[in-house]
Structures are given as C-alpha cells and as structure tokens.
Amino acid sequence: MLRLRTATDPAWIDVVLGDFDAFLIDHAACERKASATALKLVAHYSDRTLLVRELIPFAQEELEHYAQVMQIILDRGLSTQRDEKDPYVGALMGLIKRGPEQFFLDRLLVLGIVEARGCERFGLVAEGLDPGPLKAFYTEITRSEARHHGIFVRLAREYFPADRVEQRLDELLEGEAEIVDGLPLRPAVH
C-alpha cells in the first residue's frame with residue numbers, strides 16, 4: 001500500500017452507511033471512469049508496451065467491477081445519475097505539472113494515489129458492513145484495489161528514474177493529504 005499521509009476520518013464510514021445507495025452510485029461511476037481513464041492512457045501511450053500490457057487488464061477488471069456494482073444497484077431498484085465532478089480527483093488533477101514527460105509521470109502517480117485511497121476506503125466499507133454478500137464484495141474489491149495502485153507506481157518506475165519517482169510521489173502524497181483533510185465528508189468513494 002502506498003504510504004498515504006493521512007487516514008480517512010473515521011466519521012466517513014458513518015456518512016457512507018447513512019446513505020449507502022448514494023455511495024453505490026458513486027462507486028459505479030468511479031469504476032467506469034477508472035476503466036475509461038486506463039484505456040485513454042493506452043490509446044495515448046500506445047508506444048509504451050509495458051503500459052499497454054498492464055493497463056488493458058486493469059481496464060477490464062475495473063469494467064467488471066462496474067458491472068458488479070451496477071448489478072447491486074439494479075437489484076436495489078436504483079438507477080445511476082448524471083456524472084458529477086469529483087472534488088477529490090479534480091483537486092488531485094490540479095497538482096499535475098505540465099510538459100509531456102512530467103505530465104506522464106504525474107498522471108501515473110496520481111492514478112496510483114487515487115487507487116490507494118480507494119483501497120483504504122473500500123476496506124473501511126468492508127469492515128463497516130454486516131456479514132453477508134455486500135461485505136464479501138467489498139472485501140474482494142479492497143484486495144483488487146491493493147493490486148491496482150501498485151501498477152501505476154511500477155509503471156512510473158519503469159519509465160522514470162527511481163529517485164525522481166520517489167521525490168515526486170512524496171510531493172503528491174503530501175498534496176493529497178491536504179486535499180483529503182480539507183474536503184467535507186460525503187457518501188462517495190473520494
């Protein structure tokens with residue numbers, strides 16, 4: 001697990017469990033967006049063979065998670081809504097520096113951080129749910145997210161010197177902690 005600099009406020013799980021339907025709808029959107037983002041990277045960096053090999057299965061797995069969450073949503077008689085801007089992801093994207101190589105590095109690291117935060121939060125959801133199918137589902141999602149964040153950091157280390165990756169990762173993790181600490185709690189993954 002990435003060394004997140006701040007833990008999610010324990011009150012977050014109460015907010016999620018208090019409006020679990022809203023959380024599920026947001027979770028579905030996050031999985032769909034993660035899959036789409038990976039495919040955009042594959043299309044944009046198609047000359048980076050390792051990235052293509054790693055991110056296509058990642059995109060497929062995220063799409064499978066989307067389908068699973070959508071099944072839960074449909075089984076509960078819910079429907080999804082129009083996408084809303086995610087204030088967490090938007091703020092993180094604001095930390096990305098410009099310039100082709102720096103943008104590529106930052107994008108990989110930011111995506112790794114998003115996956116790490118998702119892993120932490122899905123683990124909190126799994127712990128907070130009563131035993132049953134939803135608890136089992138979120139336990140499995142947590143395991144999956146733990147693998148996912150490592151993909152992006154490994155790719156960054158493949159394409160950039162390790163010391164540069166570590167320095168920038170530290171900076172981005174510090175920025176992410178400030179973002180998390182400054183955002184209101186809501187029934188959403190981020």
# chains A, B, ... in the order shown; residues from 1 in each chain; ligands from 1
>>> residues_around(residues="segment 175-181 of chain A", least_positions_apart="6", cutoff="8 Å", atoms="only C-alpha atoms", output="PDB file with C-alpha atoms, in the first residue's frame")
ATOM      1  CA  LEU A   4      -0.891   7.684   2.414  1.00  0.00           C
ATOM      2  CA  ARG A   5      -0.036  10.668   4.621  1.00  0.00           C
ATOM      3  CA  THR A   6      -3.435  10.953   6.265  1.00  0.00           C
ATOM      4  CA  THR A   8      -9.705   8.856   6.250  1.00  0.00           C
ATOM      5  CA  TYR A  88     -11.089  14.935  -4.734  1.00  0.00           C
ATOM      6  CA  ALA A  91      -8.085  18.726  -6.828  1.00  0.00           C
ATOM      7  CA  LEU A  92      -5.532  15.953  -7.379  1.00  0.00           C
ATOM      8  CA  LEU A  95      -1.411  19.035  -8.813  1.00  0.00           C
ATOM      9  CA  ILE A 113      -2.760   7.545  -5.284  1.00  0.00           C
TER      10      ILE A 113
END
>>> residues_around(residues="segment 121-123 of chain A", least_positions_apart="2", cutoff="8 Å", atoms="only C-alpha atoms", output="number ranges by chain")
A: 8, 117-119, 125-127, 138-139, 141-142, 189
>>> select_by_dssp(residues="segment 43-125 of chain A", states="helix (DSSP H, G or I)", output="PyMOL selection string")
chain A and resi 43-44+49-75+87-93+100-125
>>> closest_atom_pairs(of="segment 87-153 of chain A", to="segment 46-64 of chain A", cutoff="10 Å", atoms="only C-alpha atoms", output="tab-separated table")
residue	atom	partner	partner_atom	distance
A:Ile141	CA	A:Glu62	CA	9.9
A:Ser144	CA	A:Glu61	CA	8.7
A:Glu145	CA	A:Glu62	CA	9.5
A:Arg147	CA	A:Phe58	CA	9.7
A:His148	CA	A:Phe58	CA	7.3
A:Ile151	CA	A:Glu54	CA	7.2
A:Phe152	CA	A:Leu51	CA	8.9
>>> write_last_selection(atoms="C-alpha atoms", output="PDB file, in the first residue's frame")
ATOM      1  CA  ILE A 141     -12.775  -5.052  -4.044  1.00  0.00           C
ATOM      2  CA  SER A 144      -8.202  -5.771  -6.000  1.00  0.00           C
ATOM      3  CA  GLU A 145      -7.538  -2.086  -5.325  1.00  0.00           C
ATOM      4  CA  ARG A 147      -3.026  -4.593  -6.515  1.00  0.00           C
ATOM      5  CA  HIS A 148      -4.154  -1.720  -8.700  1.00  0.00           C
ATOM      6  CA  ILE A 151       0.527  -0.989 -11.186  1.00  0.00           C
ATOM      7  CA  PHE A 152       0.799   2.772 -11.633  1.00  0.00           C
TER       8      PHE A 152
END
>>> closest_residue(among="A:Phe104, A:Tyr66, A:Trp12, A:Phe23", to="Val153 of chain A", atoms="only C-alpha atoms")
A:Phe104
>>> atom_distance(atom1="atom CA of Glu84 of chain A", atom2="atom CA of Ala28 of chain A")
12.2 Å
>>> atom_distance(atom1="atom CA of Ala22 of chain A", atom2="atom CA of Ala188 of chain A")
7.1 Å
>>> closest_atom_pairs(of="segment 9-54 of chain A", to="segment 69-83 of chain A", cutoff="10 Å", atoms="only C-alpha atoms", output="CSV")
residue,atom,partner,partner_atom,distance
A:Asp21,CA,A:Ile73,CA,7.7
A:Ala22,CA,A:Thr80,CA,9.2
A:Leu24,CA,A:Ile73,CA,6.8
A:Ile25,CA,A:Thr80,CA,5.7
A:Asp26,CA,A:Thr80,CA,8.4
A:His27,CA,A:Val69,CA,7.3
A:Ala28,CA,A:Val69,CA,5.6
A:Ala29,CA,A:Asp83,CA,7.1
A:Cys30,CA,A:Asp83,CA,9.7
A:Glu31,CA,A:Val69,CA,8.6
A:Lys33,CA,A:Asp83,CA,9.9
>>> decode(residues="segment 21-64 of chain A", atoms="C-alpha atoms", output="mmCIF file, in the first residue's frame")
data_model
loop_
_atom_site.group_PDB
_atom_site.id
_atom_site.type_symbol
_atom_site.label_atom_id
_atom_site.label_comp_id
_atom_site.auth_asym_id
_atom_site.auth_seq_id
_atom_site.Cartn_x
_atom_site.Cartn_y
_atom_site.Cartn_z
ATOM 1 C CA ASP A 21 -27.382 3.953 -2.077
ATOM 2 C CA ALA A 22 -25.593 7.221 -2.948
ATOM 3 C CA PHE A 23 -22.268 5.557 -2.198
ATOM 4 C CA LEU A 24 -23.062 2.680 -4.564
ATOM 5 C CA ILE A 25 -23.954 5.066 -7.374
ATOM 6 C CA ASP A 26 -20.708 6.965 -6.865
ATOM 7 C CA HIS A 27 -18.749 3.713 -6.672
ATOM 8 C CA ALA A 28 -20.139 2.587 -10.028
ATOM 9 C CA ALA A 29 -19.122 5.891 -11.612
ATOM 10 C CA CYS A 30 -15.607 5.574 -10.164
ATOM 11 C CA GLU A 31 -15.141 2.080 -11.596
ATOM 12 C CA ARG A 32 -16.369 3.153 -15.033
ATOM 13 C CA LYS A 33 -14.130 6.225 -15.029
ATOM 14 C CA ALA A 34 -11.103 4.185 -13.930
ATOM 15 C CA SER A 35 -11.600 1.806 -16.833
ATOM 16 C CA ALA A 36 -12.055 4.652 -19.315
ATOM 17 C CA THR A 37 -9.001 6.509 -17.999
ATOM 18 C CA ALA A 38 -6.820 3.427 -18.388
ATOM 19 C CA LEU A 39 -7.994 2.978 -21.966
ATOM 20 C CA LYS A 40 -7.258 6.639 -22.717
ATOM 21 C CA LEU A 41 -3.716 6.136 -21.455
ATOM 22 C CA VAL A 42 -3.332 3.023 -23.604
ATOM 23 C CA ALA A 43 -4.512 4.943 -26.670
ATOM 24 C CA HIS A 44 -2.303 7.951 -25.935
ATOM 25 C CA TYR A 45 0.834 5.999 -24.991
ATOM 26 C CA SER A 46 0.409 3.026 -27.315
ATOM 27 C CA ASP A 47 4.156 3.002 -27.971
ATOM 28 C CA ARG A 48 4.823 2.133 -24.294
ATOM 29 C CA THR A 49 4.474 -1.629 -24.470
ATOM 30 C CA LEU A 50 4.557 -2.356 -20.744
ATOM 31 C CA LEU A 51 1.899 0.270 -20.083
ATOM 32 C CA VAL A 52 -0.360 -1.280 -22.731
ATOM 33 C CA ARG A 53 0.189 -4.782 -21.339
ATOM 34 C CA GLU A 54 -0.579 -3.656 -17.768
ATOM 35 C CA LEU A 55 -3.452 -1.259 -18.324
ATOM 36 C CA ILE A 56 -5.653 -3.304 -20.653
ATOM 37 C CA PRO A 57 -6.222 -5.999 -17.992
ATOM 38 C CA PHE A 58 -6.617 -3.230 -15.399
ATOM 39 C CA ALA A 59 -9.313 -1.581 -17.550
ATOM 40 C CA GLN A 60 -11.064 -4.914 -17.997
ATOM 41 C CA GLU A 61 -11.057 -5.587 -14.257
ATOM 42 C CA GLU A 62 -12.389 -2.108 -13.476
ATOM 43 C CA LEU A 63 -15.130 -2.617 -16.074
ATOM 44 C CA GLU A 64 -16.004 -5.932 -14.411
#
